[in-house]
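Undergrad: Questions regarding the structure given below will be posed in turn.
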Amino acid sequence: PTVLLVDGQGIAHPRGIGLASHMGLLTKKPTIGVAKNPLVGSFELPEPTKGSFRYIYSESGEVIGAVLRTRASVKPVYVSPGHLIDLLSSIEIVMKYTTKYRLPEPLRMAHIYSKKEFRNAA
């Protein structure tokens with residue numbers, strides 16, 4: 001893959017390097033963190049329209065991610081660059097691969113598959 005979408009944080013992490021950042025460093029590929037909940041930072045919620053976003057700021061005022069509305073009037077996701085990619089490109093890619101569900105399709109399908117495998121292993 002050209003870019004890896006990771007269920008977790010990139011630089012919007014208490015240590016500034018979350019799971020998406022680690023995956024990028026290990027694979028030497030661009031990575032994007034897409035999380036269901038924030039870990040750090042201050043932000044305002046975006047407008048209820050699809051594609052709207054607000055920046056997430058660190059304590060020092062640095063932009064470390066975005067709160068992104070992937071569907072109209074649905075709870076947003078928290079996007080942060082992991083490695084070898086900028087924030088606006090990260091938002092664009094997340095929106096490109098988000099269809100009728102809240103999460104981007106690759107992450108949604110991975111979640112469905114892993115739950116199925118977990119049930120089968122039990």
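Residues are referred to by chain and number: the chain letter is A, B, ... according to the order shown in the structure tokens, the number counts from 1 in that chain, and ligands are numbered separately from 1 in the order shown.
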Going by DSSP on the backbone, which bits of chain A are alpha helix (DSSP H)? Write them as JSON, numbers by chain, please.

TA: {"A": [19, 20, 21, 22, 23, 24, 25, 26, 27, 87, 88, 89, 90, 91, 92, 93, 94, 95, 96, 105, 106, 107, 108, 109, 110, 111, 112, 113, 114, 115, 116, 117, 118, 119, 120, 121]}

Undergrad: At a cut-off of 12 Å, using only C-alpha atoms, what residues contact Leu39 in chain A? Leave out same-chain residues fewer than 3 positions from it and give the result as a list in words.

TA: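 The residues satisfying every condition are Gly8, Gln9, Gly10, Ile11, Ala12, His13, Pro14, Arg15, Gly16, Ile17, Gly18, Gly33, Val34, Ala35, Lys36, Ser42, Phe43, Ile56, Tyr57, Ser58, Ile64, Gly65, Val67, Val77, Tyr78, Val79 and Ser80 of chain A.
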
Undergrad: Atoms to include: N, CA and C atoms. Write the selected residues as a JSON list (two decimals), in the first residue's frame.

TA:
[["chain", "number", "residue", "atom", "x", "y", "z"],
["A", 8, "GLY", "N", -5.56, 4.27, 15.58],
["A", 8, "GLY", "CA", -4.81, 4.81, 16.70],
["A", 8, "GLY", "C", -4.31, 6.19, 16.35],
["A", 9, "GLN", "N", -3.44, 6.72, 17.19],
["A", 9, "GLN", "CA", -2.95, 8.08, 17.02],
["A", 9, "GLN", "C", -1.62, 8.12, 16.28],
["A", 10, "GLY", "N", -1.38, 9.23, 15.63],
["A", 10, "GLY", "CA", -0.07, 9.53, 15.07],
["A", 10, "GLY", "C", 0.65, 10.44, 16.05],
["A", 11, "ILE", "N", 0.84, 11.71, 15.65],
["A", 11, "ILE", "CA", 1.53, 12.65, 16.54],
["A", 11, "ILE", "C", 0.62, 13.25, 17.60],
["A", 12, "ALA", "N", -0.68, 13.06, 17.49],
["A", 12, "ALA", "CA", -1.62, 13.54, 18.52],
["A", 12, "ALA", "C", -1.65, 12.52, 19.66],
["A", 13, "HIS", "N", -0.54, 12.40, 20.33],
["A", 13, "HIS", "CA", -0.32, 11.38, 21.36],
["A", 13, "HIS", "C", 0.42, 12.03, 22.52],
["A", 14, "PRO", "N", 0.20, 11.56, 23.76],
["A", 14, "PRO", "CA", 0.89, 12.17, 24.90],
["A", 14, "PRO", "C", 2.41, 12.25, 24.74],
["A", 15, "ARG", "N", 3.00, 11.29, 24.07],
["A", 15, "ARG", "CA", 4.45, 11.30, 23.85],
["A", 15, "ARG", "C", 4.84, 11.89, 22.48],
["A", 16, "GLY", "N", 3.82, 12.27, 21.69],
["A", 16, "GLY", "CA", 4.09, 12.84, 20.37],
["A", 16, "GLY", "C", 4.37, 11.80, 19.30],
["A", 17, "ILE", "N", 4.27, 10.53, 19.66],
["A", 17, "ILE", "CA", 4.55, 9.44, 18.71],
["A", 17, "ILE", "C", 3.68, 8.24, 19.09],
["A", 18, "GLY", "N", 2.53, 8.15, 18.43],
["A", 18, "GLY", "CA", 1.58, 7.08, 18.71],
["A", 18, "GLY", "C", 1.80, 5.87, 17.82],
["A", 33, "GLY", "N", -2.91, 8.17, 11.49],
["A", 33, "GLY", "CA", -3.66, 7.70, 12.64],
["A", 33, "GLY", "C", -5.10, 8.17, 12.54],
["A", 34, "VAL", "N", -6.03, 7.22, 12.70],
["A", 34, "VAL", "CA", -7.46, 7.54, 12.70],
["A", 34, "VAL", "C", -8.02, 6.93, 13.98],
["A", 35, "ALA", "N", -8.39, 7.77, 14.93],
["A", 35, "ALA", "CA", -8.85, 7.29, 16.23],
["A", 35, "ALA", "C", -10.31, 7.68, 16.47],
["A", 36, "LYS", "N", -10.95, 6.89, 17.31],
["A", 36, "LYS", "CA", -12.35, 7.16, 17.65],
["A", 36, "LYS", "C", -12.46, 8.15, 18.81],
["A", 42, "SER", "N", -6.25, 20.28, 22.57],
["A", 42, "SER", "CA", -7.48, 21.05, 22.72],
["A", 42, "SER", "C", -8.05, 21.32, 21.32],
["A", 43, "PHE", "N", -9.36, 21.35, 21.26],
["A", 43, "PHE", "CA", -10.03, 21.51, 19.97],
["A", 43, "PHE", "C", -11.48, 21.89, 20.18],
["A", 56, "ILE", "N", -6.59, 20.15, 16.02],
["A", 56, "ILE", "CA", -6.26, 19.78, 17.39],
["A", 56, "ILE", "C", -4.92, 20.44, 17.70],
["A", 57, "TYR", "N", -4.85, 21.14, 18.83],
["A", 57, "TYR", "CA", -3.64, 21.86, 19.22],
["A", 57, "TYR", "C", -2.99, 21.23, 20.45],
["A", 58, "SER", "N", -1.67, 21.16, 20.44],
["A", 58, "SER", "CA", -0.92, 20.70, 21.61],
["A", 58, "SER", "C", -0.93, 21.81, 22.66],
["A", 64, "ILE", "N", -1.50, 19.38, 15.85],
["A", 64, "ILE", "CA", -1.07, 17.98, 15.91],
["A", 64, "ILE", "C", -2.07, 17.02, 15.28],
["A", 65, "GLY", "N", -3.20, 17.53, 14.83],
["A", 65, "GLY", "CA", -4.20, 16.66, 14.23],
["A", 65, "GLY", "C", -5.46, 17.44, 13.91],
["A", 67, "VAL", "N", -10.00, 17.10, 14.18],
["A", 67, "VAL", "CA", -11.26, 16.45, 14.49],
["A", 67, "VAL", "C", -12.05, 16.52, 13.19],
["A", 77, "VAL", "N", -14.13, 11.64, 13.87],
["A", 77, "VAL", "CA", -12.93, 10.85, 14.14],
["A", 77, "VAL", "C", -11.78, 11.83, 14.35],
["A", 78, "TYR", "N", -10.69, 11.31, 14.90],
["A", 78, "TYR", "CA", -9.53, 12.13, 15.24],
["A", 78, "TYR", "C", -8.36, 11.67, 14.37],
["A", 79, "VAL", "N", -7.95, 12.54, 13.46],
["A", 79, "VAL", "CA", -6.93, 12.21, 12.46],
["A", 79, "VAL", "C", -5.63, 12.90, 12.83],
["A", 80, "SER", "N", -4.54, 12.13, 12.80],
["A", 80, "SER", "CA", -3.23, 12.75, 12.99],
["A", 80, "SER", "C", -2.20, 12.05, 12.12]]

Undergrad: Please report the interatomic distance between CA of Glu62 in chain A and CA of Ser21 in chain A in Å with one decimal.

TA: 17.0 Å

Undergrad: Work out how far apart CA of Leu103 in chain A and CA of Thr70 in chain A are and give it in Å to one decimal.

TA: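 CA of Leu103 in chain A sits 7.4 Å away from CA of Thr70 in chain A.
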
Undergrad: Val6 in chain A: which residues within 8 Å, counting only C-alpha atoms, same-chain residues fewer than 6 positions away excluded, as a list in words?

TA: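 Near neighbours after the sequence-gap exclusion: Leu19, Ala20, Thr31, Ile32, Gly33, Val34 and Leu107 of chain A.
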
Undergrad: Calculated over only C-alpha atoms, which of the candidates A:Asn37, A:Tyr113, A:Ala72, A:Leu26 has the smallest distance to Lys100 in chain A?

TA: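 Comparing A:Asn37, A:Tyr113, A:Ala72, A:Leu26 against Lys100 in chain A, the winner is A:Ala72.
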
Undergrad: Could you tell me how far CA of Val40 in chain A lies from CA of Pro1 in chain A, in Å and to one decimal?

TA: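 Between CA of Val40 in chain A and CA of Pro1 in chain A the gap works out to 28.5 Å.
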
Undergrad: Give the strand (DSSP E) residues of chain A, as assigned by DSSP on the backbone, as a PyMOL selection string.

TA: chain A and resi 4-6+31-35+53-57+63-68+77-83

Undergrad: Could you take the residues named above and write them with C-alpha atoms, as an mmCIF file, in the first residue's frame?

TA:
data_model
loop_
_atom_site.group_PDB
_atom_site.id
_atom_site.type_symbol
_atom_site.label_atom_id
_atom_site.label_comp_id
_atom_site.auth_asym_id
_atom_site.auth_seq_id
_atom_site.Cartn_x
_atom_site.Cartn_y
_atom_site.Cartn_z
ATOM 1 C CA LEU A 4 -1.216 2.843 5.925
ATOM 2 C CA LEU A 5 -4.318 3.809 7.889
ATOM 3 C CA VAL A 6 -3.874 2.884 11.542
ATOM 4 C CA THR A 31 0.969 6.404 7.942
ATOM 5 C CA ILE A 32 -2.161 8.126 9.198
ATOM 6 C CA GLY A 33 -3.663 7.698 12.637
ATOM 7 C CA VAL A 34 -7.460 7.542 12.704
ATOM 8 C CA ALA A 35 -8.854 7.287 16.233
ATOM 9 C CA PHE A 53 -12.883 19.671 10.537
ATOM 10 C CA ARG A 54 -11.181 21.608 13.309
ATOM 11 C CA TYR A 55 -7.531 21.473 14.248
ATOM 12 C CA ILE A 56 -6.262 19.780 17.393
ATOM 13 C CA TYR A 57 -3.636 21.859 19.219
ATOM 14 C CA VAL A 63 -1.295 21.738 15.260
ATOM 15 C CA ILE A 64 -1.066 17.983 15.905
ATOM 16 C CA GLY A 65 -4.204 16.664 14.235
ATOM 17 C CA ALA A 66 -7.797 17.305 13.273
ATOM 18 C CA VAL A 67 -11.265 16.446 14.485
ATOM 19 C CA LEU A 68 -12.915 15.327 11.236
ATOM 20 C CA VAL A 77 -12.930 10.846 14.136
ATOM 21 C CA TYR A 78 -9.527 12.127 15.237
ATOM 22 C CA VAL A 79 -6.933 12.209 12.460
ATOM 23 C CA SER A 80 -3.232 12.755 12.991
ATOM 24 C CA PRO A 81 -0.274 12.217 10.681
ATOM 25 C CA GLY A 82 1.907 9.331 11.701
ATOM 26 C CA HIS A 83 4.938 9.397 9.419
#

Undergrad: Using only C-alpha atoms, which protein or nucleic acid residues come within 6 Å of Pro30 in chain A? Drop anything in the same chain fewer than 5 positions from it, and give the result as a PyMOL selection string.

TA: chain A and resi 3+24+83-85

Undergrad: Taking only C-alpha atoms into account, name the residue in A:Ile91, A:Val74, A:Asp7, A:Ser60 that is nearest to Pro106 in chain A.

TA: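 Among the listed residues, the smallest separation from Pro106 in chain A belongs to A:Asp7.
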